[in-house]
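First up is the structure itself, then whatever we jot down about it.
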Amino acid sequence: EGLTPQAAVVKLTARELAPLATRVEPVYSASYGEMPIGREVAAWSAAPRLDGLAVPPPNRFIPTDLSIKARGASTAQGGGGGAARRVKPALLLNTDSVRLHFLQDERFGRPKAFAFVSLRTPQLYESAAAAAQAELYAALLSDALQDVTYQAARAGLSAGASVGWQGLSLSLSGYDQRLPELAALVADSLRTFDVAPLAFERQRDGLLRQLRGADKRQPVEQAAYRRNLALETPRYTNEQLAAGLEKATLPQVLGLQRRLLPEVEVE
């Protein structure tokens, strides 16, 4: 109801308007002035409606329940003995293929949650070529999620994806009431998001530049890279991944997407 021409405030900034700036703003001592816009408002009020111009549709990701589940939550920064005892998550489910952990926040008192999902499979790292294609897939997925989760992002939620030697990792965060809907949207996108040839070339070029410039990164990043090479199996060098990326094709990545996660352990 307030979006009317009568409620409009129009700001003009131009050197030619300096003679009309006869007032002084009290805080910053900036000069300003006021001008009547009655004729303009009348013209705007009589303007015809434009087809297709409307307010956005309702955002289904905006939460309606902002209750706090942990009533004893506190924003205090101290880390007493009680906080230390609650650091370990509880194991709610433990089967041959699924492990589920949960840790209730009792400190910050926000109606938000974080979910981290590890989809473990050797499929994505069974060879240097497969690892390179998986890195490309994850980059394209992250790019696609920016579009498919746009409304969720406007409502304070976020989603991300990455690959590693154990498989595919997903991260979700935001208002906990809508987190299941976001998780379902991301899960549906894993095998269905579109991959355009231009996006494929852009992501491959970006990954190749990162790998080829890895030896120029900060020492702490290079130390972490060497550590992971020594501790993770399988793990491929930047040179091996770059060679795999140079040979990777769009049909290969699309094939990986179709065959994604035939057998997987979820945690």
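In the structure tokens, each chain is lettered A, B, ... as it comes, each chain's residues begin at 1, and ligands are numbered from 1 in order of appearance.
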Show which residues sit within 6 Å of Gln257 (chain A), as a compact mmCIF listing (two decimals) with N, CA, C and O atoms, in the first residue's frame. Count only C-alpha atoms, and ignore same-chain residues fewer than 3 positions away.
```
# COMPACT_ATOMS: atom_id res chain seq x y z
N ARG A 191 21.82 -34.45 -10.27
CA ARG A 191 21.83 -35.13 -11.56
C ARG A 191 21.06 -34.39 -12.64
O ARG A 191 21.00 -34.87 -13.78
N LEU A 254 29.11 -34.91 -18.39
CA LEU A 254 27.69 -35.24 -18.41
C LEU A 254 27.47 -36.72 -18.10
O LEU A 254 26.50 -37.08 -17.41
N LEU A 260 26.22 -40.67 -11.41
CA LEU A 260 26.67 -40.19 -10.11
C LEU A 260 26.15 -41.08 -8.96
O LEU A 260 24.96 -41.39 -8.89
```
Report task. As a PyMOL selection string, please: all residues of region 83-240 of chain A that backbone DSSP puts in strand (DSSP E). Result -> chain A and resi 90-94+99-102+112-120+158-164+167-175
**Report entry** Spatial neighbours of region 35-51 of chain A, 8 Å, only C-alpha atoms, chain gap at least 2 places, as a list of chain:residue names
**Finding:** A:Thr4, A:Pro5, A:Gln6, A:Gly33, A:Leu53
Query raised in the report: Of the candidates A:Val55, A:Ala139, A:Val117, A:Ala90, which one gets nearest to Val266 (chain A) if we count only C-alpha atoms?
Result: A:Val117
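Near Leu207 (chain A), within a cut-off of 10 Å and counting only C-alpha atoms, sit the residues Ala132, Glu135, Leu136, Ala139, Glu201, Arg202, Gln203, Arg204, Gln210, Leu211, Arg212, Gly213, Leu241, Ala242 and Leu245 of chain A, with same-chain residues fewer than 3 positions away left out.
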So that I have them on file, write out the residues from the current selection with all heavy atoms, as a CSV table (one decimal), in the first residue's frame.
```csv
chain,number,residue,atom,x,y,z
A,132,ALA,N,39.8,-35.3,-12.0
A,132,ALA,CA,39.7,-34.0,-12.7
A,132,ALA,C,38.3,-33.8,-13.2
A,132,ALA,O,37.8,-32.7,-13.1
A,132,ALA,CB,40.7,-34.1,-13.9
A,135,GLU,N,36.2,-32.7,-10.2
A,135,GLU,CA,36.5,-31.3,-9.8
A,135,GLU,C,35.7,-30.4,-10.7
A,135,GLU,O,35.1,-29.4,-10.3
A,135,GLU,CB,38.0,-31.0,-9.9
A,135,GLU,CG,38.8,-31.7,-8.9
A,135,GLU,CD,38.7,-31.1,-7.5
A,135,GLU,OE1,38.0,-30.1,-7.3
A,135,GLU,OE2,39.3,-31.7,-6.6
A,136,LEU,N,35.7,-30.7,-12.0
A,136,LEU,CA,34.9,-29.9,-13.0
A,136,LEU,C,33.4,-30.0,-12.6
A,136,LEU,O,32.7,-29.0,-12.7
A,136,LEU,CB,35.1,-30.5,-14.4
A,136,LEU,CG,36.1,-29.7,-15.3
A,136,LEU,CD1,36.2,-30.4,-16.6
A,136,LEU,CD2,35.5,-28.3,-15.5
A,139,ALA,N,32.6,-27.8,-9.6
A,139,ALA,CA,32.6,-26.4,-10.0
A,139,ALA,C,31.4,-26.0,-10.7
A,139,ALA,O,30.8,-25.0,-10.4
A,139,ALA,CB,33.9,-26.1,-10.8
A,201,GLU,N,33.6,-24.7,-20.4
A,201,GLU,CA,34.9,-24.1,-20.8
A,201,GLU,C,35.4,-23.1,-19.8
A,201,GLU,O,36.6,-23.1,-19.5
A,201,GLU,CB,34.9,-23.5,-22.2
A,201,GLU,CG,34.6,-24.5,-23.3
A,201,GLU,CD,35.7,-25.5,-23.5
A,201,GLU,OE1,36.9,-25.2,-23.0
A,201,GLU,OE2,35.5,-26.6,-24.1
A,202,ARG,N,34.5,-22.3,-19.3
A,202,ARG,CA,34.9,-21.3,-18.3
A,202,ARG,C,35.4,-21.9,-17.0
A,202,ARG,O,36.5,-21.6,-16.5
A,202,ARG,CB,33.7,-20.4,-18.0
A,202,ARG,CG,34.1,-19.3,-17.0
A,202,ARG,CD,32.9,-18.4,-16.8
A,202,ARG,NE,31.9,-19.0,-15.9
A,202,ARG,CZ,30.7,-19.4,-16.4
A,202,ARG,NH1,30.4,-19.2,-17.6
A,202,ARG,NH2,29.9,-20.0,-15.6
A,203,GLN,N,34.7,-23.0,-16.5
A,203,GLN,CA,35.2,-23.6,-15.3
A,203,GLN,C,36.4,-24.4,-15.5
A,203,GLN,O,37.3,-24.4,-14.6
A,203,GLN,CB,34.0,-24.5,-14.8
A,203,GLN,CG,32.8,-23.8,-14.3
A,203,GLN,CD,33.0,-22.9,-13.1
A,203,GLN,OE1,34.0,-23.1,-12.4
A,203,GLN,NE2,32.1,-22.1,-12.8
A,204,ARG,N,36.6,-25.1,-16.6
A,204,ARG,CA,37.8,-25.8,-16.9
A,204,ARG,C,39.0,-24.9,-17.0
A,204,ARG,O,40.1,-25.2,-16.4
A,204,ARG,CB,37.7,-26.6,-18.2
A,204,ARG,CG,38.9,-27.5,-18.4
A,204,ARG,CD,38.8,-28.4,-19.6
A,204,ARG,NE,38.7,-27.7,-20.9
A,204,ARG,CZ,38.8,-28.3,-22.1
A,204,ARG,NH1,39.0,-29.6,-22.1
A,204,ARG,NH2,38.7,-27.6,-23.2
A,210,GLN,N,44.2,-22.3,-11.7
A,210,GLN,CA,44.5,-22.5,-10.3
A,210,GLN,C,45.6,-23.6,-10.1
A,210,GLN,O,46.5,-23.4,-9.3
A,210,GLN,CB,43.2,-22.9,-9.6
A,210,GLN,CG,42.1,-21.8,-9.5
A,210,GLN,CD,40.9,-22.3,-8.8
A,210,GLN,OE1,41.0,-23.3,-8.0
A,210,GLN,NE2,39.8,-21.7,-9.1
A,211,LEU,N,45.5,-24.7,-10.8
A,211,LEU,CA,46.4,-25.8,-10.7
A,211,LEU,C,47.8,-25.4,-11.1
A,211,LEU,O,48.8,-25.7,-10.5
A,211,LEU,CB,45.9,-27.0,-11.4
A,211,LEU,CG,44.7,-27.7,-10.8
A,211,LEU,CD1,44.2,-28.8,-11.8
A,211,LEU,CD2,45.0,-28.3,-9.5
A,212,ARG,N,47.9,-24.7,-12.3
A,212,ARG,CA,49.2,-24.3,-12.8
A,212,ARG,C,49.8,-23.2,-12.0
A,212,ARG,O,51.1,-23.0,-12.0
A,212,ARG,CB,49.0,-23.8,-14.2
A,212,ARG,CG,48.7,-24.9,-15.2
A,212,ARG,CD,48.2,-24.4,-16.5
A,212,ARG,NE,47.9,-25.5,-17.5
A,212,ARG,CZ,47.3,-25.4,-18.6
A,212,ARG,NH1,46.8,-24.2,-19.0
A,212,ARG,NH2,47.1,-26.4,-19.4
A,213,GLY,N,49.1,-22.4,-11.2
A,213,GLY,CA,49.6,-21.4,-10.4
A,213,GLY,C,49.8,-21.8,-8.9
A,213,GLY,O,50.1,-21.0,-8.1
A,241,LEU,N,46.2,-33.7,-12.0
A,241,LEU,CA,44.9,-33.2,-12.2
A,241,LEU,C,44.8,-32.3,-13.4
A,241,LEU,O,43.9,-32.3,-14.2
A,241,LEU,CB,44.5,-32.4,-10.9
A,241,LEU,CG,44.2,-33.3,-9.7
A,241,LEU,CD1,43.9,-32.4,-8.5
A,241,LEU,CD2,43.1,-34.3,-9.9
A,242,ALA,N,45.9,-31.4,-13.6
A,242,ALA,CA,45.9,-30.5,-14.8
A,242,ALA,C,45.9,-31.3,-16.1
A,242,ALA,O,45.2,-31.0,-17.0
A,242,ALA,CB,47.1,-29.6,-14.7
A,245,LEU,N,42.4,-32.5,-16.6
A,245,LEU,CA,41.5,-31.5,-17.1
A,245,LEU,C,41.7,-31.1,-18.5
A,245,LEU,O,40.8,-30.8,-19.2
A,245,LEU,CB,41.8,-30.2,-16.2
A,245,LEU,CG,41.1,-30.2,-14.8
A,245,LEU,CD1,41.5,-29.0,-14.0
A,245,LEU,CD2,39.6,-30.2,-15.0
```
Query - Spatial neighbours of region 157-164 of chain A, 7 Å, only C-alpha atoms, chain gap at least 5 places, as a PyMOL selection string - result: chain A and resi 134-135+138+142+152+169-175
Requested in this report: Compile the contact shell of Gln252 (chain A) as JSON, numbers by chain: residues with an atom at most 12 Å away, counting only C-alpha atoms, same-chain residues fewer than 3 positions apart removed.
Outcome: {"A": [129, 130, 131, 132, 133, 134, 136, 137, 195, 200, 244, 245, 247, 248, 249, 255, 256, 257, 258, 259, 260]}
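Between Leu179 (chain A) and the candidates A:Val10, A:Ala224, A:Val98, A:Ala155, the tightest atom-to-atom separation, counting only C-alpha atoms, involves A:Ala155.
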**Report entry** One-decimal distance in Å that lies between CA of Ala230 (chain A) and CA of Trp165 (chain A)
**Finding:**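 Separation of CA of Trp165 (chain A) and CA of Ala230 (chain A): 12.5 Å.
Between CA of Pro122 (chain A) and CA of Pro180 (chain A) the interatomic distance comes to 26.9 Å.
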Query raised in the report: So which one's closest to Pro89 (chain A), A:Phe116, A:Lys69, A:Phe102, A:Ser31? Using only C-alpha atoms, please.
Result: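 When distances to Pro89 (chain A) are compared using only C-alpha atoms, the smallest one comes from A:Phe102.
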Query - Selection near Val264 (chain A), 10 Å with only C-alpha atoms, sequence-local residues under 5 positions removed, as a list of chain:residue names - result: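 Counting only C-alpha atoms, the residues come to A:Ser97, A:Val98, A:Ser118, A:Leu119, A:Arg120, A:Thr121, A:Pro122, A:Gln123, A:Gly167, A:Leu168.
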Query - Secondary structure check, alpha helix (DSSP H) residues of region 82-138 of chain A, as a list in words - result: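 Listing alpha helix (DSSP H) positions across region 82-138 of chain A yields Gly82, Ala83, Ala84, Arg85, Ala128, Ala129, Ala130, Ala131, Ala132, Gln133, Ala134, Glu135, Leu136, Tyr137 and Ala138 of chain A.
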Selected residues, C-alpha atoms, written as a PDB file, in the first residue's frame, please.
```pdb
ATOM      1  CA  GLY A  82      29.463 -27.187  30.646  1.00  0.00           C
ATOM      2  CA  ALA A  83      30.121 -25.951  27.109  1.00  0.00           C
ATOM      3  CA  ALA A  84      33.083 -28.300  26.809  1.00  0.00           C
ATOM      4  CA  ARG A  85      30.922 -31.319  27.658  1.00  0.00           C
ATOM      5  CA  ALA A 128      43.473 -38.841 -11.981  1.00  0.00           C
ATOM      6  CA  ALA A 129      41.169 -38.439 -14.996  1.00  0.00           C
ATOM      7  CA  ALA A 130      38.098 -39.236 -12.884  1.00  0.00           C
ATOM      8  CA  ALA A 131      39.265 -36.814 -10.173  1.00  0.00           C
ATOM      9  CA  ALA A 132      39.710 -34.038 -12.747  1.00  0.00           C
ATOM     10  CA  GLN A 133      36.213 -34.655 -14.129  1.00  0.00           C
ATOM     11  CA  ALA A 134      34.841 -34.683 -10.575  1.00  0.00           C
ATOM     12  CA  GLU A 135      36.485 -31.338  -9.822  1.00  0.00           C
ATOM     13  CA  LEU A 136      34.874 -29.949 -12.972  1.00  0.00           C
ATOM     14  CA  TYR A 137      31.510 -31.396 -11.978  1.00  0.00           C
ATOM     15  CA  ALA A 138      31.724 -29.821  -8.500  1.00  0.00           C
TER      16      ALA A 138
END
```
Report task. Take CA of Pro197 (chain A) and CA of Leu141 (chain A) and report the distance between them in Å, one decimal. Result ->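 Separation of CA of Pro197 (chain A) and CA of Leu141 (chain A): 13.9 Å.
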Report task. Go through A:Ser67, A:Ser127, A:Thr237, A:Asn59 and flag the residue nearest Ala214 (chain A), using only C-alpha atoms for the distances. Result ->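 Nearest candidate to Ala214 (chain A) out of A:Ser67, A:Ser127, A:Thr237, A:Asn59: A:Thr237.
Ranking A:Gly206, A:Arg227, A:Gly109, A:Phe61 by their shortest atom-to-atom distance to Gly156 (chain A), with only C-alpha atoms included, puts A:Phe61 first.
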